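Undergrad: Below you'll find target-v1.cif; it's mmCIF, C-alpha atoms.
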```cif
data_query
#
loop_
_atom_site.label_atom_id
_atom_site.label_comp_id
_atom_site.auth_asym_id
_atom_site.auth_seq_id
_atom_site.Cartn_x
_atom_site.Cartn_y
_atom_site.Cartn_z
CA MET A 5 -40.06 73.21 51.08
CA PHE A 6 -39.93 76.84 52.17
CA PHE A 7 -36.30 76.44 53.31
CA ASN A 8 -35.38 75.00 49.90
CA TYR A 9 -36.90 78.05 48.25
CA LEU A 10 -34.91 80.37 50.53
CA LYS A 11 -31.70 78.42 49.91
CA ASP A 12 -32.28 78.59 46.15
CA LEU A 13 -33.01 82.32 46.31
CA ALA A 14 -29.95 83.10 48.46
CA THR A 15 -27.62 81.02 46.29
CA LYS A 16 -28.99 82.51 43.08
CA LYS A 17 -28.31 86.00 44.45
CA ILE A 18 -24.71 85.06 45.33
CA VAL A 19 -24.11 83.48 41.90
CA LYS A 20 -25.61 86.44 40.02
CA GLN A 21 -23.42 88.87 42.03
CA SER A 22 -20.28 86.85 41.36
CA LEU A 23 -21.14 86.64 37.64
CA SER A 24 -21.07 90.42 37.43
CA ASN A 25 -17.35 90.31 38.34
CA VAL A 26 -16.37 87.63 35.80
CA LYS A 27 -13.51 88.47 33.49
CA HIS A 28 -13.41 86.15 30.51
CA ILE A 29 -9.92 85.03 29.64
CA THR A 30 -9.39 84.20 26.00
CA SER A 31 -7.23 81.28 25.04
CA ASP A 32 -5.87 80.19 21.68
CA LYS A 33 -5.47 76.66 22.99
CA LYS A 34 -6.86 73.83 20.84
CA ILE A 35 -9.65 71.76 22.34
CA LYS A 36 -8.63 68.30 23.50
CA THR A 37 -10.50 67.75 26.77
CA ILE A 38 -14.22 68.32 27.14
CA GLY A 39 -16.41 68.45 30.22
CA ILE A 40 -20.20 68.35 29.96
CA ILE A 41 -22.76 69.35 32.57
CA PHE A 42 -26.11 67.72 31.72
CA ASP A 43 -29.54 68.44 33.09
CA GLU A 44 -31.28 65.10 32.86
CA SER A 45 -34.64 66.65 33.72
CA TYR A 46 -35.33 67.51 30.09
CA PHE A 47 -32.65 65.71 28.08
CA TYR A 48 -32.07 61.95 28.21
CA GLU A 49 -29.84 61.49 25.14
CA ARG A 50 -26.56 61.75 27.06
CA GLU A 51 -24.91 58.89 25.19
CA ALA A 52 -26.03 60.23 21.79
CA LEU A 53 -24.44 63.58 22.58
CA VAL A 54 -21.17 61.90 23.59
CA GLN A 55 -21.27 59.89 20.33
CA GLU A 56 -21.63 63.15 18.37
CA LEU A 57 -18.47 64.43 20.04
CA ILE A 58 -16.63 61.22 19.16
CA LEU A 59 -17.83 61.44 15.54
CA ASN A 60 -16.38 64.95 15.39
CA GLY A 61 -12.90 63.75 16.35
CA ILE A 62 -12.87 63.96 20.15
CA GLU A 63 -11.51 60.87 21.86
CA GLU A 64 -13.82 59.18 24.34
CA LYS A 65 -11.17 59.20 27.07
CA ASP A 66 -11.04 63.02 26.83
CA ILE A 67 -14.76 63.45 27.52
CA LYS A 68 -16.02 63.69 31.10
CA PHE A 69 -19.51 64.55 32.22
CA ILE A 70 -21.61 65.08 35.27
CA VAL A 71 -25.39 64.77 35.39
CA PHE A 72 -27.87 66.88 37.34
CA LYS A 73 -31.10 65.21 38.44
CA ASP A 74 -33.95 67.02 40.15
CA LYS A 75 -34.59 64.13 42.52
CA ILE A 76 -32.34 61.21 43.34
CA LYS A 77 -34.07 58.24 44.93
CA LYS A 78 -32.52 56.86 48.08
CA ASN A 79 -31.39 53.48 46.70
CA GLU A 80 -30.72 54.65 43.13
CA VAL A 81 -27.27 53.70 41.82
CA PHE A 82 -25.53 55.30 38.85
CA ASP A 83 -22.46 54.40 36.82
CA PHE A 84 -21.72 58.09 36.24
CA PRO A 85 -21.38 61.08 38.58
CA VAL A 86 -24.71 62.64 39.58
CA PHE A 87 -25.66 65.63 41.69
CA SER A 88 -28.89 67.32 42.73
CA PHE A 89 -30.29 70.35 44.53
CA LYS A 90 -29.54 68.63 47.85
CA ASP A 91 -25.81 69.09 47.14
CA LEU A 92 -26.22 72.88 47.24
CA THR A 93 -25.21 74.58 50.49
CA TRP A 94 -26.49 77.82 51.98
CA ILE A 95 -23.22 79.61 51.17
CA ALA A 96 -23.27 78.89 47.41
CA THR A 97 -20.95 75.88 47.38
CA LEU A 98 -21.49 72.30 46.32
CA ALA A 99 -21.17 69.58 48.95
CA ASN A 100 -20.77 66.69 46.49
CA PRO A 101 -17.08 65.66 46.17
CA GLN A 102 -17.62 64.35 42.61
CA VAL A 103 -18.86 67.77 41.51
CA ASN A 104 -15.97 69.53 43.23
CA ILE A 105 -13.45 67.31 41.43
CA PHE A 106 -15.24 67.95 38.13
CA VAL A 107 -15.32 71.76 38.45
CA LYS A 108 -11.65 71.93 39.46
CA GLU A 109 -10.54 70.12 36.31
CA PRO A 110 -9.16 72.55 33.69
CA PHE A 111 -11.11 71.39 30.63
CA ASP A 112 -10.35 72.98 27.28
CA LEU A 113 -14.11 73.13 26.65
CA LEU A 114 -17.06 72.97 29.02
CA ILE A 115 -20.46 72.31 27.48
CA ASN A 116 -23.27 73.55 29.71
CA TYR A 117 -26.00 71.35 28.27
CA TYR A 118 -29.08 72.77 29.95
CA ASP A 119 -31.53 75.40 28.80
CA THR A 120 -33.32 76.08 32.08
CA GLU A 121 -31.66 78.21 34.76
CA LYS A 122 -31.34 76.15 37.92
CA THR A 123 -29.17 77.50 40.69
CA THR A 124 -27.21 74.28 41.19
CA LEU A 125 -26.35 74.08 37.48
CA LEU A 126 -25.41 77.77 37.30
CA LEU A 127 -23.13 77.38 40.30
CA ALA A 128 -21.39 74.28 38.92
CA SER A 129 -20.83 76.03 35.58
CA HIS A 130 -19.60 79.20 37.22
CA LEU A 131 -17.15 77.36 39.49
CA SER A 132 -15.68 75.37 36.59
CA LYS A 133 -12.05 76.06 35.70
CA ALA A 134 -12.68 75.37 32.00
CA ASN A 135 -10.90 77.59 29.46
CA PHE A 136 -13.86 77.95 27.08
CA LYS A 137 -17.52 77.55 28.05
CA VAL A 138 -20.38 76.92 25.63
CA GLY A 139 -24.08 76.82 26.40
CA PHE A 140 -27.55 77.81 25.34
CA SER A 141 -28.58 81.41 24.66
CA LEU A 142 -31.47 81.10 27.14
CA ILE A 143 -29.01 80.99 30.05
CA ASP A 144 -27.33 84.06 31.58
CA ASN A 145 -24.92 85.33 28.92
CA ARG A 146 -22.20 86.12 31.48
CA LEU A 147 -21.77 82.42 32.21
CA ASN A 148 -20.62 81.24 28.77
CA HIS A 149 -18.08 82.46 26.26
CA PHE A 150 -20.20 81.22 23.37
CA MET A 151 -23.95 80.62 23.18
CA ILE A 152 -26.03 78.64 20.70
CA ASN A 153 -29.65 79.57 20.03
CA THR A 154 -31.54 76.27 20.10
CA ASN A 155 -33.14 74.07 22.75
CA ALA A 156 -31.77 71.01 24.53
CA GLU A 157 -33.91 68.53 22.62
CA ASN A 158 -32.15 69.42 19.33
CA TYR A 159 -28.74 68.02 20.22
CA LYS A 160 -27.78 67.47 16.56
CA VAL A 161 -28.36 71.15 15.76
CA PHE A 162 -26.40 72.13 18.87
CA MET A 163 -23.45 69.91 17.93
CA ASP A 164 -23.44 71.01 14.28
CA GLU A 165 -23.40 74.68 15.29
CA LEU A 166 -20.80 74.05 17.99
CA PHE A 167 -18.31 72.38 15.67
CA LYS A 168 -19.00 74.84 12.85
CA TYR A 169 -18.01 77.74 15.10
CA LEU A 170 -15.16 75.91 16.80
CA LYS A 171 -13.62 75.49 13.34
CA ILE A 172 -14.16 79.18 12.58
CA LEU A 173 -12.60 80.15 15.91
CA ASN A 174 -9.69 77.79 15.12
CA LYS A 175 -10.27 75.82 18.35
CA ILE A 176 -10.18 72.38 16.67
#
```
Re-express the file's structure as structure tokens.

TA:
Amino acid sequence: MFFNYLKDLATKKIVKQSLSNVKHITSDKKIKTIGIIFDESYFYEREALVQELILNGIEEKDIKFIVFKDKIKKNEVFDFPVFSFKDLTWIATLANPQVNIFVKEPFDLLINYYDTEKTTLLLASHLSKANFKVGFSLIDNRLNHFMINTNAENYKVFMDELFKYLKILNKI
């Protein structure tokens, strides 16, 4: 327990330091591929959120997601990629190969769908090679290019605001 706290603290320090050196690159590229990082601790409507994206003109084959769970039971099986705090290393990397594949993919849009700062989620978002990152305003503002002021339970409000501003920014 104490070692987990130290690992979390050390990793958070490394991530915060690396966020201070982030240079946001702007892109005029239209959004076709979307990656989503979910925190399933507070939000269980993953499929409803994906359906909202499909209703707004994004093809299902262009949507990929990864789910963070606080605790994964030993014999628990998922039909989607999942990661947890146990995948975090002491040197601020992620040991889960599914997460590493996900963050290396150059998505046109990454949706950081979590409104609570957890080191593992911050690291996955920070490591992502996505061109445009969107998240909640409660999370460190250096992590995302665009932030929406709502909470994770109001996914319809989040999606309405997201697509309203993506149209204004001429991204879709």

Undergrad: Rank A:Glu109, A:Glu80, A:Asp144, A:Asp91 by their smallest atom-to-atom distance to Glu121 (chain A), using only C-alpha atoms, and report the top residue only.

TA: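 Of all the options, A:Asp144 lies closest to Glu121 (chain A).
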
Undergrad: Interatomic distance between CA of Ile115 (chain A) and CA of Gln102 (chain A)?

TA: 17.3 Å

Undergrad: Report as a ChimeraX atom specification the residues that result from applying the PyMOL selection byres ((chain A and resi 52-54) around 10) to the structure here.

TA: /A:40,48-51,55-60,62-64,67-69,117,159-160,162-163

Undergrad: Print the selection's residues with C-alpha atoms to a file, as an mmCIF file, in the frame of the given file.

TA:
```cif
data_model
loop_
_atom_site.group_PDB
_atom_site.id
_atom_site.type_symbol
_atom_site.label_atom_id
_atom_site.label_comp_id
_atom_site.auth_asym_id
_atom_site.auth_seq_id
_atom_site.Cartn_x
_atom_site.Cartn_y
_atom_site.Cartn_z
ATOM 1 C CA ILE A 40 -20.200 68.350 29.960
ATOM 2 C CA TYR A 48 -32.070 61.950 28.210
ATOM 3 C CA GLU A 49 -29.840 61.490 25.140
ATOM 4 C CA ARG A 50 -26.560 61.750 27.060
ATOM 5 C CA GLU A 51 -24.910 58.890 25.190
ATOM 6 C CA GLN A 55 -21.270 59.890 20.330
ATOM 7 C CA GLU A 56 -21.630 63.150 18.370
ATOM 8 C CA LEU A 57 -18.470 64.430 20.040
ATOM 9 C CA ILE A 58 -16.630 61.220 19.160
ATOM 10 C CA LEU A 59 -17.830 61.440 15.540
ATOM 11 C CA ASN A 60 -16.380 64.950 15.390
ATOM 12 C CA ILE A 62 -12.870 63.960 20.150
ATOM 13 C CA GLU A 63 -11.510 60.870 21.860
ATOM 14 C CA GLU A 64 -13.820 59.180 24.340
ATOM 15 C CA ILE A 67 -14.760 63.450 27.520
ATOM 16 C CA LYS A 68 -16.020 63.690 31.100
ATOM 17 C CA PHE A 69 -19.510 64.550 32.220
ATOM 18 C CA TYR A 117 -26.000 71.350 28.270
ATOM 19 C CA TYR A 159 -28.740 68.020 20.220
ATOM 20 C CA LYS A 160 -27.780 67.470 16.560
ATOM 21 C CA PHE A 162 -26.400 72.130 18.870
ATOM 22 C CA MET A 163 -23.450 69.910 17.930
#
```

Undergrad: Find the residues around Asn155 (chain A) up to 7 Å (all atoms listed in the file counted), leave out those fewer than 2 positions away in its own chain, and share them as number ranges by chain.

TA: A: 119, 157-158

Undergrad: Contacts of region 43-47 of chain A at 10 Å or less, counting only C-alpha atoms, minus same-chain residues fewer than 5 places along, as a ChimeraX atom specification?

TA: /A:70-75,86-88,116-120,122,125,155-159

Undergrad: Mind telling me what the PyMOL selection byres ((chain A and resi 174) around 10) catches here, as a list in words?

TA: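 Those residues are Asp32, Lys33, Lys34, Ile35, Tyr169, Leu170, Lys171, Ile172, Leu173, Lys175 and Ile176 of chain A.
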
Undergrad: Quick one: pull the distance between CA of Leu131 (chain A) and CA of Asp112 (chain A), Å, one decimal.

TA: 14.6 Å

Undergrad: Determine the residue membership of the PyMOL selection byres ((chain A and resi 148) around 8) for the file above and supply it as a list in words.

TA: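 Output of the PyMOL selection byres ((chain A and resi 148) around 8): Phe136, Lys137, Val138, Gly139, Asp144, Asn145, Arg146, Leu147, His149, Phe150 and Met151 of chain A.
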
Undergrad: Please measure the separation of CA of Leu10 (chain A) and CA of Ile76 (chain A), giving the value in Å to one decimal.

TA: 20.6 Å

Undergrad: Just checking: using all atoms listed in the file, which residue out of A:Ile41, A:Leu98, A:Lys168, A:Thr15 ends up closest to Ser129 (chain A)?

TA: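 For Ser129 (chain A), the nearest of the candidates is A:Ile41.
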
Undergrad: Output as JSON the centre and edge lengths (Å, one decimal) of the box along x, y and z of the file that holds every listed atom of region 62-66 of chain A after adding 6 Å on each side.

TA:
```
{"center_x": -12.4, "center_y": 61.6, "center_z": 23.6, "size_x": 14.8, "size_y": 16.8, "size_z": 18.9}
```

Undergrad: Residues around (-27.2, 75.9, 44.9), cut-off 7 Å, counting all atoms listed in the file - what are they as a list in words?

TA: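 Protein and nucleic acid residues near the point are Asp12, Thr15, Phe89, Leu92, Thr93, Ala96, Thr97, Leu98, Thr123, Thr124 and Leu127 of chain A.
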
Undergrad: Write out the residues from the selection above, keeping C-alpha atoms, as a short mmCIF file (atom, residue, chain, number, x, y, z; two decimals), in the coordinates of the input.

TA:
```cif
data_model
loop_
_atom_site.label_atom_id
_atom_site.label_comp_id
_atom_site.auth_asym_id
_atom_site.auth_seq_id
_atom_site.Cartn_x
_atom_site.Cartn_y
_atom_site.Cartn_z
CA ASP A 12 -32.28 78.59 46.15
CA THR A 15 -27.62 81.02 46.29
CA PHE A 89 -30.29 70.35 44.53
CA LEU A 92 -26.22 72.88 47.24
CA THR A 93 -25.21 74.58 50.49
CA ALA A 96 -23.27 78.89 47.41
CA THR A 97 -20.95 75.88 47.38
CA LEU A 98 -21.49 72.30 46.32
CA THR A 123 -29.17 77.50 40.69
CA THR A 124 -27.21 74.28 41.19
CA LEU A 127 -23.13 77.38 40.30
#
```

Undergrad: Could you check which of A:Leu166, A:Ser132, A:Lys78, A:Ser141 is closest to Phe111 (chain A), using all atoms listed in the file?

TA: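 Using all atoms listed in the file, Phe111 (chain A) sits closest to A:Ser132.
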
Undergrad: Pick out the closest residue to Gly61 (chain A) from this set: A:Phe140, A:Leu13, A:Lys36, A:Phe42. Count only C-alpha atoms.

TA: A:Lys36
